[in-house]
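Read the structure below first, then the notes.
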There are 2 protein chains.
Amino acid sequence: MITSKLKTFGIFCLSLLLLIIFIQIKPIIAQNQVADPLPSWNQGTTKQSIITFIKNVTDPSLKTYIPPSDRIATFDNDGTLWIEKPLYIQLEFVLYNLDSLAPQHPEWQTEEPFKTLLTQGIEGLKSLNLHDDIIKLLLVTHTGMSDTEFTTSVNQFFVKTKHPRFNRPYNQLIYQPMLELINYLKRNEFDVYICSGGGIDFIRTISEKTYGIPPQNVIGTAIEKEFIIKDEQVMFIRQAKIVEPINDKVGKPVNINRYIGKKPVIAVGNSDGDIQMLQYADSQSLPDLELLLHHDDSEREYDYNEGTEKALQLAKEHNWTIISLKKDFKQVFPF
Amino acid sequence: MITSKLKTFGIFCLSLLLLIIFIQIKPIIAQNQVADPLPSWNQGTTKQSIITFIKNVTDPSLKTYIPPSDRIATFDNDGTLWIEKPLYIQLEFVLYNLDSLAPQHPEWQTEEPFKTLLTQGIEGLKSLNLHDDIIKLLLVTHTGMSDTEFTTSVNQFFVKTKHPRFNRPYNQLIYQPMLELINYLKRNEFDVYICSGGGIDFIRTISEKTYGIPPQNVIGTAIEKEFIIKDEQVMFIRQAKIVEPINDKVGKPVNINRYIGKKPVIAVGNSDGDIQMLQYADSQSLPDLELLLHHDDSEREYDYNEGTEKALQLAKEHNWTIISLKKDFKQVFPF
């Protein structure tokens, strides 16, 4: 009787013990059998060089180890995280807004660049002096209102407009492989930033939902604001004055220094506007990785070199990793 | 024989089981028996209101819960995290540098405010037009060199100079209770920022070691920089031009908006320069906490109202929590 009870009890204890041990070990097994961190990337040297780099800088037993506090990664946005053709998405937003603002601005009927755009639409953009005219258009559609009004109009734009070729809201035209790369870096304790020539508030409206990147990790071109308190309510009024530098070319490292105060170890771009950011990362004393996305797939996306010629040349000279959209992306968009 | 073996085995299994259960439960017990998170604060309504606030916003079962992504806290620096008397520490740095720079600037022998300071030292400060003269002094001692040279001179200052009363390096004259508050917030998944009228690069030189706050979480007054690449080396040259706004008064919410893009739920300050930052947090739709440190302890630190009169008045009107250095700080400095 006692023997039988003891035996039952012994078996019960042993079973419980095995169960507990199994529960303890399970996550360890899972951790070591990690699924492919970049499933939308084709196997090849590009994918392998990214994975090898991350392993090298996160393994404390290696000389190449980088402590988490120095793991800074900066990503360009247009053409790197989301589509930039046929137009920068923010320019689509400008065109979307011009029509609705026109009734309040009768002077636009004769004043350039408004006249051309209002009569010719997107086609009219081709005849513009890009830098000056675009700044003028951006200021008109991005300033003079409160931050809240601006955010509302950006949100409306993403709901009401669609990409002409892919027939999807613009904020769905993001690159699935880049999303996976961002998440892979975050899991490996990287502090991941967007560093874009686009407007900081335009991107912040969508960055958290779209990329999982919170507003404080978005660097972009900023405008001055006036802070107002009225009836215990606070408000920012957007001023028609850019905070220098525009966050493009040499402005990127300047603003990375201003906003982050640390040199990135990973920089990801796609155009000549990203050269200085890539050079900045490349000047690291720590191990560093520079990635340049090359749009070479007219079938699934676009194929263009314009505005990226110098970056492609420098990438070859400095051993930056060129990502071929055609060869390296197994899937392009999340849909 | 078999009975005895079974018995031994049963006891062995049972022991192992109890051991494993104990190991599992231990951290849970530890978590619930947490030591006082603010040991250098005296018991009282101030300490209790902070602890209650943190419990209310981190308990998911409560209506007052705030998700971690919205847990933003901003701290002023001078007089809030470290001592600001008899002079702002950054002004001590200016005076320390003027002497060493003087030989390269013979014109300072006749030009104000240099002439007065070089002949009268700290005493000379009293006769200066504070805003304009200080900006002039700051630009002379903070610009024209590379970032690397500037950081080196800041580091030297902290090694070579001591506070006239406490006879300690200035970066030791930080408030132990505020350090504990920063760590308490960080453990509760707050993103903790410094938001100071002082120079962003001056503070970044010491923020990580001194407060555990990394450079990307420091907002301060910034100057423009030129980015230079020479022989594959990069360099920032500090320009004699302030990036508007100066990070004081109305500049604080403007820069919090620019750098973080979210409204703080906790703001901590000590002077009239912090009013707008406190009002900004106070305008939160989420639960919010405003703290104002009042220096009222001439024995252990200093006792002054000058420059804080309006903030103290507003604190009473808006139910901001006034921290009395005398009554609420059990210990003032870490030493």
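By convention in this document, the chains of the structure tokens carry letters A, B, ... by their order, each chain's residues are numbered from 1, and ligands are numbered from 1 in the order they are shown.
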Do you know which residues are at most 10 Å from B:Asn183 counting only C-alpha atoms, after dropping those on the same chain fewer than 2 positions away, and could you put them as a PyMOL selection string? chain B and resi 37-38+177-181+185-190+192+211-213
Cut-off 7 Å: closest chain A/chain B atom pairs per residue, using only C-alpha atoms, as a Markdown table:
| residue | atom | partner | partner_atom | distance |
| --- | --- | --- | --- | --- |
| A:Thr3 | CA | B:Thr3 | CA | 5.7 |
| A:Leu6 | CA | B:Lys7 | CA | 6.4 |
| A:Lys7 | CA | B:Leu6 | CA | 6.4 |
| A:Phe9 | CA | B:Gly10 | CA | 6.8 |
| A:Gly10 | CA | B:Gly10 | CA | 4.2 |
| A:Cys13 | CA | B:Cys13 | CA | 5.7 |
| A:Leu14 | CA | B:Cys13 | CA | 5.9 |
| A:Leu17 | CA | B:Leu17 | CA | 5.9 |
| A:Pro215 | CA | B:Gly261 | CA | 5.3 |
| A:Gln216 | CA | B:Ile260 | CA | 4.0 |
| A:Lys225 | CA | B:Val254 | CA | 6.6 |
| A:Phe227 | CA | B:Val254 | CA | 6.3 |
| A:Glu232 | CA | B:Ser283 | CA | 6.8 |
| A:Gln233 | CA | B:Ser283 | CA | 6.3 |
| A:Val234 | CA | B:Ser283 | CA | 6.6 |
| A:Val250 | CA | B:Phe227 | CA | 6.6 |
| A:Val254 | CA | B:Phe227 | CA | 6.3 |
| A:Tyr259 | CA | B:Gln216 | CA | 6.1 |
| A:Ile260 | CA | B:Gln216 | CA | 4.1 |
| A:Gly261 | CA | B:Pro215 | CA | 5.3 |
| A:Tyr280 | CA | B:Val234 | CA | 6.7 |
| A:Ser283 | CA | B:Gln233 | CA | 6.2 |
After least-squares alignment of chain B to chain A over all Cα atoms in order, what RMSD do you get?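 That comparison of chain A with chain B gives 0.3 Å.
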Of the residues B:Leu139, B:Leu289, B:Val332, B:Ile23, which is the one nearest to B:Asn319, using only C-alpha atoms?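 Counting only C-alpha atoms, the residue closest to B:Asn319 is B:Leu289.
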Excluding B:Thr151 and its own-chain neighbours fewer than 4 positions away, which residues fall within 10 Å of it when counting only C-alpha atoms? Please give them as a VMD selection string. chain B and resid 142 146 to 147 155 to 157 201 to 202 204 to 206
Mind giving me the straight-line distance from atom CA of B:Met145 to atom CA of B:Lys230 in Å, one decimal?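 Computing it gives 15.6 Å between the two atoms.
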Would you please work out which residue, of A:Phe150, A:Trp82, A:Phe114, A:Trp320, is nearest to A:Lys136 when using only C-alpha atoms?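 Result for the nearest residue to A:Lys136: A:Phe114.
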For the strand (DSSP E) assignment from backbone DSSP, which residues of stretch 40-259 of chain B qualify? Please present them as number ranges by chain. B: 72-75, 191-199, 218-230, 233-243
Contacts of B:Leu98 at 9 Å (only C-alpha atoms; same-chain gap of 2+ positions) as a PyMOL selection string: chain B and resi 93-96+100-102+114+117-118+137+140-141
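Take atom CA of A:Asp132 and atom CA of A:Pro103: the distance between them is 23.3 Å.
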